[in-house]
Amino acid sequence: MQSSSNSASDSISETDSDFNKGKIQSDRRSDNILNSMPLLHLGAGRKGFLEYFENTWSLTEMLFSCLRSKEAFFLRPYHKTRHPLIFYYAHPACFYANKLLVSGLINEPVNQALELLFETGVDEMNWDDLHEGDQNIWPEMDEVIEYRQQVHDLVHDLIQTHPCFDGPVTMDSQAWSVAMAFEHERIHLETSSVLIRELPAETIQTPDSWPDFFRLKTESGDGNTPTAGVDYPGENPMIEVAACTMNLGKPEKWPSFGWDNEYGSDKRLVQPFKASQFLVSNGEFYRFVAEGGYEKEGYWSRSGWGWRQFRNIKWPTFWVQDGPSGSHRYKLRTTFSVEEMQWDWPVIVNFYEARAYCQWLSESTAAEVPFRLLQEAEHLALREPETGEAVNWSEQKSELLNLDPVMDEHSGKNFNLNLRFGAECPVNAMPGNSRGFHDAMGNVWQWCDESFRALPGFRIHPYYTDFSTPCFDGEHQMLLGGSFISTGDEASIWARFHFRPHFFQHAGFRLAQSNVEHAKAANKYETSELVDQYLLFHYGSPQEQRDHAISSRVGHPDTVDFVLHTADLANRFAGNKASALDLGCAVGRSSFELARNFNEVTGVDFSSSFIESARQLKSQGQVPYQRIETGRYFTGMMASVPAQIDRSKVRFVEGDACKLDDALPVKSPFDVILLANLLCRLPDPAACLRQFVDTESWLKKGGVLVIASPNTWSENYTPQQKYLDGLGSEDTIAQLRSVLHGFELVYEEDCPFMIREHRRKYEYIISQVTVWKKIAIQGADLSAAAGGVISTDQ
């Protein structure tokens, strides 16, 4: 085995006959262009399976024929977070062999050594998690070509002869594993094309059979500075979308393959919002670049700024500098070539860049309501209204299949999907839909400001047990809509994909805005000042939280370290210590403290800014922040997780405490649940608590619920009729008891603490702390719960 010892002069053309094995001419138009077939209908029989397989295989061969030399197969992308392309050329074939083995269609590996080597790719945790493994492990090109041909012939023969292809294929049949391998290969068609786009341009060429561009401008504008209305659409108006309810989840009998995360069922209320008519173009994004958006930390999230600094990025990764520094002259790197800048194409960026642009635009336009990215249900609401009817598909309503453009070669003509064109196209090129939105599907993926999560009713498929579940970790952002090179299931209306926020894909974004009332409600915990204040509250030492020059003169009330104290109560009262839920975890210190004693800890908070800081603390162990002194004066501080805490035991999820089914769709009951200073900030506190009462979905029998609340009830957060309050402490406990049927109150105390605003202003708070144990809800146990024996420790 060797890596890059092949000579650069060993051109792919020398092995052209090998590379073209498995290609079939019937897929080609008279002009020799290879396009994708529509998504496979599972009732298409052997002939349909065979045609789709050959088309899938041919697309991969066409893509990799772009590499000018064998040596190019062993080049790694510049960021060193991925394998060289030799891996991605062999990996799809390896997947076929492994899934055929899992499903019982074959009884032994095709080539066990290669199937172990090429089985698992790289999913780095962070942008600086460089993959520096041994690069001398890769086999010779001829060995890989021969292996791919073996697998091709095996699959071809199985489809022609095995009885599992005799009738319609369902997710319970062995043939499902073959359909799975088709769609897996099509995913890698797209992800490999991104890696190719990152290689030096001189190492690649446009494949002979690659589809044409929609349109390519071959001359740059005046001075290469884009002009609105000339080089890109002059306006990108925000279109209103009324409140609606969106149904999510692919019908189980829909006759195409689907990944496990597509199934399940969910109904989501979409509040009224606005979204931009077009995807954000290169021309629009140019202003952000030219005005120094990559140089101003205030536009970036904490982790986004860390990525930008580490990579020293100053413009989008596929823009190519075409002049001296500061001239802002750029060309555009497409998948295979460097072209004049296409200002009217959608900008290709990662999640961090998309969010930074939204922040810049909000500030530069003094927008009353901040710009943001879409949520998943909002993206669905942009599509044609009748698309939502697809969830009602049945064999008696077969016409609903046409609502998915990738199921029929004619219904997808309004989209840049399924490799209809060979690259992105202008943001206004495809016709708008009846709602007025262009590219609701296709052109480029659209980043969503929502972590990847399962739908209620999600089930793992036994042929691929870890396709989705490792990514329900709050660390993967959703992308929807597909891109020009998304084919098959990826281009389907049901597709739900996800990548880490620093990843590049053929992905851009569309602007969104909440309506005024909902924006105000959602923005209460999103300011950087409040994040800094909570980092100090959670991680600052007593000396850091107080000004001792002032304290020595006037004194401070006696208080406890609230975060450590409530975590200690959870540790003290919990019997089993397998898992803990920190609900309203803010920036995460209590979650980390619980990890001292619990095997698994999940922190959930509604604030994306809080969760992002917590995740950065998990990843890096520390986060810089500012402590305000007074007015314009700040002191730089560092929040750090104690070194003896195993941070890998903790995960953080952005979600609604009142809707845990949405935040954590894969239910796993906890031994203890901590709600610290959360209850009086919820729109329906009783609904939150009832989630723990009726079943053991979230809290085990014998489990402990720790509630700490200052009872600062306000209609800014909670409708008055939803308050759980009373004139005295006992009245409040009675309100809690009226909701917590089957719980026994085992402990109560008043807990004083302070939150610093600046060196001369502190908020003094006394939180009412109660500890409840979940007991059996049967007969005498109910009467025991109603009485409640408690201990107090004032």
# chains A, B, ... in the order shown; residues from 1 in each chain; ligands from 1
call {"tool": "closest_atom_pairs", "arguments": {"of": "range 518-618 of chain A", "to": "range 747-768 of chain A", "cutoff": "7 Å", "atoms": "only C-alpha atoms", "output": "Markdown table"}}
result
| residue | atom | partner | partner_atom | distance |
| --- | --- | --- | --- | --- |
| A:Gln533 | CA | A:Glu757 | CA | 6.8 |
| A:Phe537 | CA | A:Ile755 | CA | 6.1 |
| A:Gln545 | CA | A:Arg756 | CA | 6.5 |
| A:Arg546 | CA | A:Arg759 | CA | 6.9 |
| A:Asp547 | CA | A:Arg759 | CA | 5.8 |
| A:Thr559 | CA | A:Phe753 | CA | 4.8 |
| A:Val560 | CA | A:Phe753 | CA | 5.6 |
| A:Asp561 | CA | A:Phe753 | CA | 6.8 |
| A:Phe562 | CA | A:Phe753 | CA | 6.0 |
call {"tool": "residues_around", "arguments": {"residues": "Thr218 in chain A", "least_positions_apart": "4", "cutoff": "9 Å", "atoms": "only C-alpha atoms", "output": "count of residues only"}}
result
4
call {"tool": "closest_atom_pairs", "arguments": {"of": "range 86-117 of chain A", "to": "range 155-162 of chain A", "cutoff": "12 Å", "atoms": "only C-alpha atoms", "output": "JSON lines"}}
result
{"residue": "A:Ala93", "atom": "CA", "partner": "A:Val155", "partner_atom": "CA", "distance": 9.8}
{"residue": "A:Cys94", "atom": "CA", "partner": "A:Val155", "partner_atom": "CA", "distance": 11.7}
{"residue": "A:Phe95", "atom": "CA", "partner": "A:Val155", "partner_atom": "CA", "distance": 11.6}
{"residue": "A:Tyr96", "atom": "CA", "partner": "A:Val155", "partner_atom": "CA", "distance": 7.9}
{"residue": "A:Ala97", "atom": "CA", "partner": "A:Val155", "partner_atom": "CA", "distance": 8.6}
{"residue": "A:Asn98", "atom": "CA", "partner": "A:Val155", "partner_atom": "CA", "distance": 11.9}
{"residue": "A:Lys99", "atom": "CA", "partner": "A:Val155", "partner_atom": "CA", "distance": 11.2}
{"residue": "A:Leu100", "atom": "CA", "partner": "A:Val155", "partner_atom": "CA", "distance": 8.8}
{"residue": "A:Leu101", "atom": "CA", "partner": "A:Val155", "partner_atom": "CA", "distance": 11.9}
{"residue": "A:Gly104", "atom": "CA", "partner": "A:His162", "partner_atom": "CA", "distance": 11.5}
{"residue": "A:Leu105", "atom": "CA", "partner": "A:Leu158", "partner_atom": "CA", "distance": 8.1}
{"residue": "A:Ile106", "atom": "CA", "partner": "A:Leu158", "partner_atom": "CA", "distance": 9.2}
{"residue": "A:Val110", "atom": "CA", "partner": "A:Val155", "partner_atom": "CA", "distance": 11.3}
call {"tool": "closest_atom_pairs", "arguments": {"of": "range 641-668 of chain A", "to": "range 613-630 of chain A", "cutoff": "10 Å", "atoms": "only C-alpha atoms", "output": "JSON lines"}}
result
{"residue": "A:Val641", "atom": "CA", "partner": "A:Gly621", "partner_atom": "CA", "distance": 5.5}
{"residue": "A:Pro642", "atom": "CA", "partner": "A:Gly621", "partner_atom": "CA", "distance": 8.1}
{"residue": "A:Ala643", "atom": "CA", "partner": "A:Gly621", "partner_atom": "CA", "distance": 8.0}
{"residue": "A:Ile645", "atom": "CA", "partner": "A:Gly621", "partner_atom": "CA", "distance": 9.9}
{"residue": "A:Asp646", "atom": "CA", "partner": "A:Lys618", "partner_atom": "CA", "distance": 9.3}
{"residue": "A:Arg647", "atom": "CA", "partner": "A:Lys618", "partner_atom": "CA", "distance": 5.6}
{"residue": "A:Ser648", "atom": "CA", "partner": "A:Lys618", "partner_atom": "CA", "distance": 7.3}
{"residue": "A:Lys649", "atom": "CA", "partner": "A:Lys618", "partner_atom": "CA", "distance": 9.4}
{"residue": "A:Val650", "atom": "CA", "partner": "A:Lys618", "partner_atom": "CA", "distance": 7.5}
{"residue": "A:Arg651", "atom": "CA", "partner": "A:Arg615", "partner_atom": "CA", "distance": 7.6}
{"residue": "A:Phe652", "atom": "CA", "partner": "A:Arg615", "partner_atom": "CA", "distance": 6.4}
{"residue": "A:Val653", "atom": "CA", "partner": "A:Arg615", "partner_atom": "CA", "distance": 9.0}
call {"tool": "atom_distance", "arguments": {"atom1": "CA of Ala580 in chain A", "atom2": "CA of Pro719 in chain A"}}
result
29.4 Å
call {"tool": "closest_residue", "arguments": {"among": "A:Arg435, A:Lys250, A:Lys659, A:Arg268", "to": "Met238 in chain A", "atoms": "only C-alpha atoms"}}
result
A:Arg435
call {"tool": "closest_residue", "arguments": {"among": "A:Glu297, A:Ser697, A:Ser36, A:His188", "to": "His91 in chain A", "atoms": "only C-alpha atoms"}}
result
A:His188
call {"tool": "residues_around", "arguments": {"residues": "range 43-47 of chain A", "least_positions_apart": "5", "cutoff": "9 Å", "atoms": "only C-alpha atoms", "output": "PDB file with all heavy atoms, in the first residue's frame"}}
result
ATOM      1  N   TYR A  52     -31.565   2.388 -12.088  1.00  0.00           N
ATOM      2  CA  TYR A  52     -31.206   3.389 -11.076  1.00  0.00           C
ATOM      3  C   TYR A  52     -29.811   3.130 -10.527  1.00  0.00           C
ATOM      4  O   TYR A  52     -29.035   4.059 -10.281  1.00  0.00           O
ATOM      5  CB  TYR A  52     -32.241   3.374  -9.950  1.00  0.00           C
ATOM      6  CG  TYR A  52     -32.193   4.583  -9.031  1.00  0.00           C
ATOM      7  CD1 TYR A  52     -32.639   5.821  -9.459  1.00  0.00           C
ATOM      8  CD2 TYR A  52     -31.721   4.460  -7.719  1.00  0.00           C
ATOM      9  CE1 TYR A  52     -32.617   6.927  -8.612  1.00  0.00           C
ATOM     10  CE2 TYR A  52     -31.699   5.548  -6.876  1.00  0.00           C
ATOM     11  CZ  TYR A  52     -32.149   6.779  -7.319  1.00  0.00           C
ATOM     12  OH  TYR A  52     -32.124   7.870  -6.474  1.00  0.00           O
ATOM     13  N   ILE A 159     -29.365  -7.904  -8.278  1.00  0.00           N
ATOM     14  CA  ILE A 159     -30.612  -7.295  -8.735  1.00  0.00           C
ATOM     15  C   ILE A 159     -31.261  -8.153  -9.816  1.00  0.00           C
ATOM     16  O   ILE A 159     -32.490  -8.308  -9.861  1.00  0.00           O
ATOM     17  CB  ILE A 159     -30.344  -5.864  -9.253  1.00  0.00           C
ATOM     18  CG1 ILE A 159     -29.879  -4.956  -8.097  1.00  0.00           C
ATOM     19  CG2 ILE A 159     -31.603  -5.283  -9.897  1.00  0.00           C
ATOM     20  CD1 ILE A 159     -29.428  -3.575  -8.545  1.00  0.00           C
ATOM     21  N   GLN A 160     -30.468  -8.760 -10.667  1.00  0.00           N
ATOM     22  CA  GLN A 160     -31.015  -9.564 -11.754  1.00  0.00           C
ATOM     23  C   GLN A 160     -31.564 -10.914 -11.294  1.00  0.00           C
ATOM     24  O   GLN A 160     -32.477 -11.454 -11.931  1.00  0.00           O
ATOM     25  CB  GLN A 160     -29.935  -9.813 -12.812  1.00  0.00           C
ATOM     26  CG  GLN A 160     -29.622  -8.599 -13.677  1.00  0.00           C
ATOM     27  CD  GLN A 160     -28.744  -8.967 -14.856  1.00  0.00           C
ATOM     28  OE1 GLN A 160     -27.771  -9.708 -14.702  1.00  0.00           O
ATOM     29  NE2 GLN A 160     -29.089  -8.455 -16.032  1.00  0.00           N
ATOM     30  N   THR A 161     -31.036 -11.428 -10.156  1.00  0.00           N
ATOM     31  CA  THR A 161     -31.350 -12.823  -9.821  1.00  0.00           C
ATOM     32  C   THR A 161     -32.032 -13.031  -8.472  1.00  0.00           C
ATOM     33  O   THR A 161     -32.725 -14.033  -8.295  1.00  0.00           O
ATOM     34  CB  THR A 161     -30.060 -13.670  -9.843  1.00  0.00           C
ATOM     35  OG1 THR A 161     -29.135 -13.146  -8.866  1.00  0.00           O
ATOM     36  CG2 THR A 161     -29.412 -13.619 -11.225  1.00  0.00           C
ATOM     37  N   PHE A 165     -36.208  -8.975  -5.148  1.00  0.00           N
ATOM     38  CA  PHE A 165     -36.564  -7.908  -6.087  1.00  0.00           C
ATOM     39  C   PHE A 165     -37.789  -8.267  -6.922  1.00  0.00           C
ATOM     40  O   PHE A 165     -38.133  -7.550  -7.856  1.00  0.00           O
ATOM     41  CB  PHE A 165     -35.380  -7.596  -7.001  1.00  0.00           C
ATOM     42  CG  PHE A 165     -34.190  -7.041  -6.277  1.00  0.00           C
ATOM     43  CD1 PHE A 165     -33.147  -7.873  -5.890  1.00  0.00           C
ATOM     44  CD2 PHE A 165     -34.116  -5.692  -5.958  1.00  0.00           C
ATOM     45  CE1 PHE A 165     -32.040  -7.369  -5.217  1.00  0.00           C
ATOM     46  CE2 PHE A 165     -33.017  -5.182  -5.285  1.00  0.00           C
ATOM     47  CZ  PHE A 165     -31.982  -6.025  -4.902  1.00  0.00           C
ATOM     48  N   ASP A 166     -38.450  -9.378  -6.589  1.00  0.00           N
ATOM     49  CA  ASP A 166     -39.593  -9.817  -7.385  1.00  0.00           C
ATOM     50  C   ASP A 166     -40.812  -8.917  -7.215  1.00  0.00           C
ATOM     51  O   ASP A 166     -41.585  -8.725  -8.142  1.00  0.00           O
ATOM     52  CB  ASP A 166     -39.976 -11.257  -7.012  1.00  0.00           C
ATOM     53  CG  ASP A 166     -38.991 -12.279  -7.596  1.00  0.00           C
ATOM     54  OD1 ASP A 166     -38.312 -11.929  -8.574  1.00  0.00           O
ATOM     55  OD2 ASP A 166     -38.905 -13.392  -7.055  1.00  0.00           O
ATOM     56  N   GLY A 167     -41.008  -8.392  -6.012  1.00  0.00           N
ATOM     57  CA  GLY A 167     -42.191  -7.580  -5.754  1.00  0.00           C
ATOM     58  C   GLY A 167     -41.822  -6.214  -5.232  1.00  0.00           C
ATOM     59  O   GLY A 167     -40.640  -5.845  -5.187  1.00  0.00           O
ATOM     60  N   PRO A 168     -42.827  -5.429  -4.820  1.00  0.00           N
ATOM     61  CA  PRO A 168     -42.548  -4.103  -4.246  1.00  0.00           C
ATOM     62  C   PRO A 168     -41.633  -4.217  -3.025  1.00  0.00           C
ATOM     63  O   PRO A 168     -41.734  -5.162  -2.240  1.00  0.00           O
ATOM     64  CB  PRO A 168     -43.937  -3.581  -3.858  1.00  0.00           C
ATOM     65  CG  PRO A 168     -44.883  -4.343  -4.730  1.00  0.00           C
ATOM     66  CD  PRO A 168     -44.264  -5.696  -4.912  1.00  0.00           C
ATOM     67  N   VAL A 169     -40.748  -3.257  -2.888  1.00  0.00           N
ATOM     68  CA  VAL A 169     -39.763  -3.256  -1.805  1.00  0.00           C
ATOM     69  C   VAL A 169     -40.249  -2.355  -0.681  1.00  0.00           C
ATOM     70  O   VAL A 169     -40.709  -1.233  -0.912  1.00  0.00           O
ATOM     71  CB  VAL A 169     -38.401  -2.780  -2.326  1.00  0.00           C
ATOM     72  CG1 VAL A 169     -37.411  -2.599  -1.191  1.00  0.00           C
ATOM     73  CG2 VAL A 169     -37.860  -3.770  -3.350  1.00  0.00           C
ATOM     74  N   PRO A 255     -43.584   5.249  -1.560  1.00  0.00           N
ATOM     75  CA  PRO A 255     -42.813   4.248  -2.305  1.00  0.00           C
ATOM     76  C   PRO A 255     -41.451   4.726  -2.795  1.00  0.00           C
ATOM     77  O   PRO A 255     -41.086   4.550  -3.969  1.00  0.00           O
ATOM     78  CB  PRO A 255     -43.748   3.936  -3.477  1.00  0.00           C
ATOM     79  CG  PRO A 255     -44.473   5.212  -3.718  1.00  0.00           C
ATOM     80  CD  PRO A 255     -44.683   5.816  -2.355  1.00  0.00           C
ATOM     81  N   SER A 256     -40.688   5.333  -1.920  1.00  0.00           N
ATOM     82  CA  SER A 256     -39.283   5.612  -2.210  1.00  0.00           C
ATOM     83  C   SER A 256     -38.494   5.386  -0.936  1.00  0.00           C
ATOM     84  O   SER A 256     -39.050   5.416   0.173  1.00  0.00           O
ATOM     85  CB  SER A 256     -39.078   7.048  -2.716  1.00  0.00           C
ATOM     86  OG  SER A 256     -39.287   7.989  -1.683  1.00  0.00           O
TER      87      SER A 256
END
call {"tool": "select_by_dssp", "arguments": {"residues": "range 542-731 of chain A", "states": "strand (DSSP E or B)", "output": "JSON, numbers by chain"}}
result
{"A": [579, 580, 581, 582, 583, 600, 601, 602, 603, 604, 605, 622, 623, 624, 625, 626, 627, 628, 629, 630, 633, 634, 635, 636, 637, 638, 639, 640, 650, 651, 652, 653, 654, 670, 671, 672, 673, 674, 675, 676, 699, 700, 701, 702, 703, 704, 705, 706, 707, 708, 709]}
call {"tool": "residues_around", "arguments": {"residues": "Asn711 in chain A", "least_positions_apart": "4", "cutoff": "10 Å", "atoms": "only C-alpha atoms", "output": "PyMOL selection string"}}
result
chain A and resi 677-681+723-726+729+732+766-768
call {"tool": "write_last_selection", "arguments": {"atoms": "N, CA and C atoms", "output": "tab-separated table (two decimals), in the first residue's frame"}}
result
chain	number	residue	atom	x	y	z
A	677	ASN	N	-34.13	28.40	38.55
A	677	ASN	CA	-34.54	29.75	38.13
A	677	ASN	C	-35.16	29.75	36.74
A	678	LEU	N	-35.99	28.77	36.49
A	678	LEU	CA	-36.61	28.62	35.17
A	678	LEU	C	-38.12	28.78	35.21
A	679	LEU	N	-38.77	28.26	36.25
A	679	LEU	CA	-40.21	28.08	36.24
A	679	LEU	C	-40.97	29.38	35.95
A	680	CYS	N	-40.54	30.48	36.57
A	680	CYS	CA	-41.27	31.74	36.40
A	680	CYS	C	-40.87	32.49	35.13
A	681	ARG	N	-40.13	31.83	34.26
A	681	ARG	CA	-39.81	32.41	32.96
A	681	ARG	C	-40.42	31.60	31.82
A	723	TYR	N	-49.74	31.62	36.31
A	723	TYR	CA	-48.82	31.74	37.45
A	723	TYR	C	-49.03	30.58	38.42
A	724	LEU	N	-47.95	30.09	39.00
A	724	LEU	CA	-48.01	29.13	40.12
A	724	LEU	C	-47.54	29.86	41.36
A	725	ASP	N	-48.36	30.82	41.82
A	725	ASP	CA	-47.92	31.68	42.92
A	725	ASP	C	-48.93	31.67	44.05
A	726	GLY	N	-48.61	32.37	45.10
A	726	GLY	CA	-49.48	32.50	46.27
A	726	GLY	C	-48.95	33.57	47.18
A	729	SER	N	-45.04	31.19	51.05
A	729	SER	CA	-44.28	30.07	50.50
A	729	SER	C	-45.11	28.81	50.43
A	732	THR	N	-47.33	28.70	47.43
A	732	THR	CA	-46.63	28.32	46.20
A	732	THR	C	-46.38	26.82	46.16
A	766	ILE	N	-33.71	35.71	46.48
A	766	ILE	CA	-33.90	34.55	47.36
A	766	ILE	C	-34.76	33.55	46.62
A	767	SER	N	-34.16	32.46	46.21
A	767	SER	CA	-34.87	31.45	45.44
A	767	SER	C	-35.50	30.43	46.38
A	768	GLN	N	-36.75	30.06	46.10
A	768	GLN	CA	-37.42	29.00	46.86
A	768	GLN	C	-37.04	27.66	46.24
call {"tool": "closest_residue", "arguments": {"among": "A:Lys70, A:Arg632, A:Arg215, A:Arg459", "to": "Val666 in chain A", "atoms": "only C-alpha atoms"}}
result
A:Arg459
call {"tool": "closest_residue", "arguments": {"among": "A:Phe484, A:Glu600, A:Thr81, A:Asn224", "to": "His502 in chain A", "atoms": "only C-alpha atoms"}}
result
A:Thr81
call {"tool": "residues_around", "arguments": {"residues": "range 113-122 of chain A", "least_positions_apart": "4", "cutoff": "12 Å", "atoms": "only C-alpha atoms", "output": "number ranges by chain"}}
result
A: 1, 80-99, 101, 108-109, 126, 129-134, 137-140, 143-148, 151, 188, 191-192, 466-467, 500, 503
call {"tool": "select_by_dssp", "arguments": {"residues": "range 325-501 of chain A", "states": "helix (DSSP H, G or I)", "output": "JSON, numbers by chain"}}
result
{"A": [351, 352, 353, 354, 355, 356, 357, 358, 359, 360, 361, 362, 363, 364, 376, 377, 378, 379, 380, 381, 382, 385, 386, 387, 388, 389, 390, 391, 392, 395, 396, 397, 398, 399, 400, 401, 402, 403, 405, 406, 407, 469, 470, 471, 488, 489, 490, 491]}
call {"tool": "residues_around", "arguments": {"residues": "range 277-281 of chain A", "least_positions_apart": "6", "cutoff": "8 Å", "atoms": "only C-alpha atoms", "output": "PyMOL selection string"}}
result
chain A and resi 232+236-239+343-347+427-428+436-439+508-511
call {"tool": "residues_around", "arguments": {"residues": "Glu378 in chain A", "least_positions_apart": "6", "cutoff": "10 Å", "atoms": "only C-alpha atoms", "output": "list in words"}}
result
Val241, Ala243, Cys244, Thr245, Met246, Arg268, Leu269, Val270, Gln271, Pro272, Phe273, Lys274, Ala275, Cys448 and Ala512 of chain A
call {"tool": "atom_distance", "arguments": {"atom1": "CA of Asp532 in chain A", "atom2": "CA of Val706 in chain A"}}
result
25.8 Å
call {"tool": "atom_distance", "arguments": {"atom1": "CA of Gly304 in chain A", "atom2": "CA of Leu564 in chain A"}}
result
29.1 Å
call {"tool": "decode", "arguments": {"residues": "range 86-124 of chain A", "atoms": "C-alpha atoms", "output": "compact mmCIF listing (two decimals), in the first residue's frame"}}
result
# COMPACT_ATOMS: atom_id res chain seq x y z
CA ILE A 86 -9.26 7.89 -2.71
CA PHE A 87 -11.30 7.17 0.41
CA TYR A 88 -14.47 8.71 -1.01
CA TYR A 89 -14.04 6.90 -4.31
CA ALA A 90 -13.89 3.53 -2.56
CA HIS A 91 -16.22 4.19 0.38
CA PRO A 92 -19.57 3.93 -1.48
CA ALA A 93 -18.59 0.53 -2.91
CA CYS A 94 -17.54 -0.61 0.54
CA PHE A 95 -20.95 0.50 1.86
CA TYR A 96 -22.73 -1.72 -0.69
CA ALA A 97 -20.73 -4.73 0.44
CA ASN A 98 -21.23 -4.07 4.14
CA LYS A 99 -25.00 -3.49 3.89
CA LEU A 100 -25.47 -6.55 1.66
CA LEU A 101 -23.75 -8.51 4.43
CA VAL A 102 -25.89 -6.95 7.20
CA SER A 103 -29.11 -7.70 5.31
CA GLY A 104 -28.11 -11.28 4.51
CA LEU A 105 -27.95 -10.82 0.74
CA ILE A 106 -24.35 -12.06 0.84
CA ASN A 107 -22.69 -14.31 3.39
CA GLU A 108 -19.11 -13.07 3.41
CA PRO A 109 -17.19 -9.86 2.67
CA VAL A 110 -16.03 -9.04 -0.82
CA ASN A 111 -12.65 -7.83 0.46
CA GLN A 112 -12.59 -7.59 4.23
CA ALA A 113 -9.37 -5.61 4.46
CA LEU A 114 -10.62 -2.87 2.16
CA GLU A 115 -14.08 -2.89 3.74
CA LEU A 116 -12.58 -2.23 7.16
CA LEU A 117 -10.26 0.46 5.81
CA PHE A 118 -12.93 2.33 3.85
CA GLU A 119 -15.85 1.80 6.22
CA THR A 120 -15.86 4.98 8.34
CA GLY A 121 -15.21 8.58 7.35
CA VAL A 122 -14.37 11.59 9.49
CA ASP A 123 -16.80 13.74 11.49
CA GLU A 124 -14.51 16.13 13.32
